[in-house]
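Novice: So that we are looking at the same thing, I have put the structure below in structure tokens.
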Amino acid sequence: MSKLRTAATIALTLLAVAVLAHTTARTSRFQLIGTMHRRAPLEERWLALTFDDGPHPIYTPQILELLAEHHAQATFFVVGQRAWEHPELVQRILSEGHEIGNHSWSHERMVLKSPAWVRDEVERTDALLRDLGVPEPIHFRAPFGKKLLVLPWVLWRMDKADILFDVVPVPQDYLHGDPELIAADIQRKARPGSIVVLHDSGGERPETVEATRMVLETMGAEGWRFATVAQLLERAAASATPDLPRSSP
Ligand SMILES: [Zn+2]
């Protein structure tokens, strides 16, 4: 009887671990250790547009032109391999005042990998970006938003946050959704301090370019300001810091 009870306890524990691991890998809302940001706690209409998987020789420049036209700033989470192929695009993104983030070296899923492999993906990309003039801190975003236990642990050891997002447009831009619907869904879901995920590479991205143009036009006209993730987080940290007591004269 006690053997049966022990076996049942082990089976239930294994099931619970499997469910937890599955949930942690699938969701972008939950993480056991380390810091993760899905948005910045702001009250003003500030929004971070983020573009993953680039840089891309056709679509990244088109997005940069739109951002410049609207005096908007954005964050580009680049893939190390692609940044290595197009260093001039990384430098252009930087010189136009945008933020560059690290989106791993190879864009492989970071689940069921060793800590050394994960650390190498992050460090190799950081090293290249630093060489290209990207200032610290270099923010990181996990490919596919996946992050079982190894990635959060590696990032925690490196004192790096995982920058995720709270606005995923439906239809998604990388599935070639209708740009008008993508833009309308971003507009509907955005709240002050939101981080929006879009993709400027990984395939043909004309829908992303068009949806970006619509968001900049319509939300810009409503008074939204487009800033980088770093600017959003800095602003949130500044507004959370209480004023120091003033010394009396
Ligand atoms: Zn990606």
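Letters A, B, ... go to the chains of the structure tokens in the order shown; residues in each chain start at 1; ligands are counted from 1 in the same order.
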Identify all residues of stretch 61-171 of chain A in alpha helix (DSSP H) (DSSP on the backbone) and supply them as an NGL selection string.
Specialist: :A and (61-69 or 80-85 or 87-95 or 115-131 or 150-157)
Novice: Step by step, measure atom-to-atom distances between ligand 1 and each residue using only C-alpha atoms and all ligand atoms, keep those at most 6 Å, then write them as a PyMOL selection string.
Specialist: chain A and resi 52-53+143-144
Novice: Restricting the calculation to only C-alpha atoms, which member of A:Trp105, A:Trp117, A:Trp46, A:Phe140 is positioned closest to A:Phe77?
Specialist: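 Counting only C-alpha atoms, the residue closest to A:Phe77 is A:Phe140.
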Novice: Give me, as a ChimeraX atom specification, all polymer residues having an atom no more than 8 Å from A:Val197, counting only C-alpha atoms and skipping those fewer than 4 positions away in the same chain.
Specialist: /A:49-52,165,167-169
Novice: A:Lys160, A:Thr228, A:Gly97, A:His37: which is nearest A:Asp126, counting only C-alpha atoms?
Specialist: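 Selected residue with least distance to A:Asp126: A:Lys160.
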Novice: Need to verify the contact set: A:Ala48, 9 Å, only C-alpha atoms, exclusion of same-chain residues closer than 6 positions in sequence. Can you return it as a ChimeraX atom specification?
Specialist: /A:39,73-75,193-197,225-229,231-232
Novice: Write the residues of the selection above to a file with N, CA and C atoms, as a PDB file, in the first residue's frame.
Specialist:
ATOM      1  N   ARG A  39       6.146  45.465 -20.064  1.00  0.00           N
ATOM      2  CA  ARG A  39       5.821  46.856 -20.355  1.00  0.00           C
ATOM      3  C   ARG A  39       6.479  47.709 -19.272  1.00  0.00           C
ATOM      4  N   GLN A  73      11.204  56.987 -32.162  1.00  0.00           N
ATOM      5  CA  GLN A  73      12.327  56.111 -31.830  1.00  0.00           C
ATOM      6  C   GLN A  73      11.789  54.703 -31.598  1.00  0.00           C
ATOM      7  N   ALA A  74      12.634  53.688 -31.861  1.00  0.00           N
ATOM      8  CA  ALA A  74      12.195  52.302 -31.678  1.00  0.00           C
ATOM      9  C   ALA A  74      13.379  51.448 -31.251  1.00  0.00           C
ATOM     10  N   THR A  75      13.082  50.205 -30.881  1.00  0.00           N
ATOM     11  CA  THR A  75      14.127  49.257 -30.478  1.00  0.00           C
ATOM     12  C   THR A  75      14.158  48.108 -31.477  1.00  0.00           C
ATOM     13  N   GLY A 193       3.051  52.901 -21.746  1.00  0.00           N
ATOM     14  CA  GLY A 193       4.193  52.060 -21.365  1.00  0.00           C
ATOM     15  C   GLY A 193       4.232  50.701 -22.051  1.00  0.00           C
ATOM     16  N   SER A 194       3.327  50.472 -22.996  1.00  0.00           N
ATOM     17  CA  SER A 194       3.284  49.166 -23.676  1.00  0.00           C
ATOM     18  C   SER A 194       4.513  48.933 -24.550  1.00  0.00           C
ATOM     19  N   ILE A 195       4.856  47.651 -24.689  1.00  0.00           N
ATOM     20  CA  ILE A 195       5.916  47.226 -25.605  1.00  0.00           C
ATOM     21  C   ILE A 195       5.259  46.359 -26.677  1.00  0.00           C
ATOM     22  N   VAL A 196       5.405  46.784 -27.948  1.00  0.00           N
ATOM     23  CA  VAL A 196       4.741  46.117 -29.074  1.00  0.00           C
ATOM     24  C   VAL A 196       5.766  45.284 -29.831  1.00  0.00           C
ATOM     25  N   VAL A 197       5.437  44.032 -30.156  1.00  0.00           N
ATOM     26  CA  VAL A 197       6.385  43.205 -30.905  1.00  0.00           C
ATOM     27  C   VAL A 197       5.993  43.134 -32.386  1.00  0.00           C
ATOM     28  N   ARG A 225       3.588  58.987 -28.022  1.00  0.00           N
ATOM     29  CA  ARG A 225       4.993  59.229 -28.303  1.00  0.00           C
ATOM     30  C   ARG A 225       5.679  57.872 -28.433  1.00  0.00           C
ATOM     31  N   PHE A 226       6.509  57.723 -29.457  1.00  0.00           N
ATOM     32  CA  PHE A 226       7.166  56.438 -29.727  1.00  0.00           C
ATOM     33  C   PHE A 226       8.612  56.512 -29.248  1.00  0.00           C
ATOM     34  N   ALA A 227       8.938  55.687 -28.255  1.00  0.00           N
ATOM     35  CA  ALA A 227      10.267  55.733 -27.640  1.00  0.00           C
ATOM     36  C   ALA A 227      10.880  54.338 -27.615  1.00  0.00           C
ATOM     37  N   THR A 228      12.162  54.275 -27.237  1.00  0.00           N
ATOM     38  CA  THR A 228      12.820  52.969 -27.152  1.00  0.00           C
ATOM     39  C   THR A 228      12.430  52.298 -25.823  1.00  0.00           C
ATOM     40  N   VAL A 229      12.684  51.000 -25.742  1.00  0.00           N
ATOM     41  CA  VAL A 229      12.435  50.281 -24.481  1.00  0.00           C
ATOM     42  C   VAL A 229      13.272  50.914 -23.374  1.00  0.00           C
ATOM     43  N   GLN A 231      14.323  53.975 -23.065  1.00  0.00           N
ATOM     44  CA  GLN A 231      13.736  55.262 -22.646  1.00  0.00           C
ATOM     45  C   GLN A 231      12.505  55.045 -21.773  1.00  0.00           C
ATOM     46  N   LEU A 232      11.692  54.051 -22.135  1.00  0.00           N
ATOM     47  CA  LEU A 232      10.496  53.750 -21.331  1.00  0.00           C
ATOM     48  C   LEU A 232      10.885  53.322 -19.920  1.00  0.00           C
TER      49      LEU A 232
END
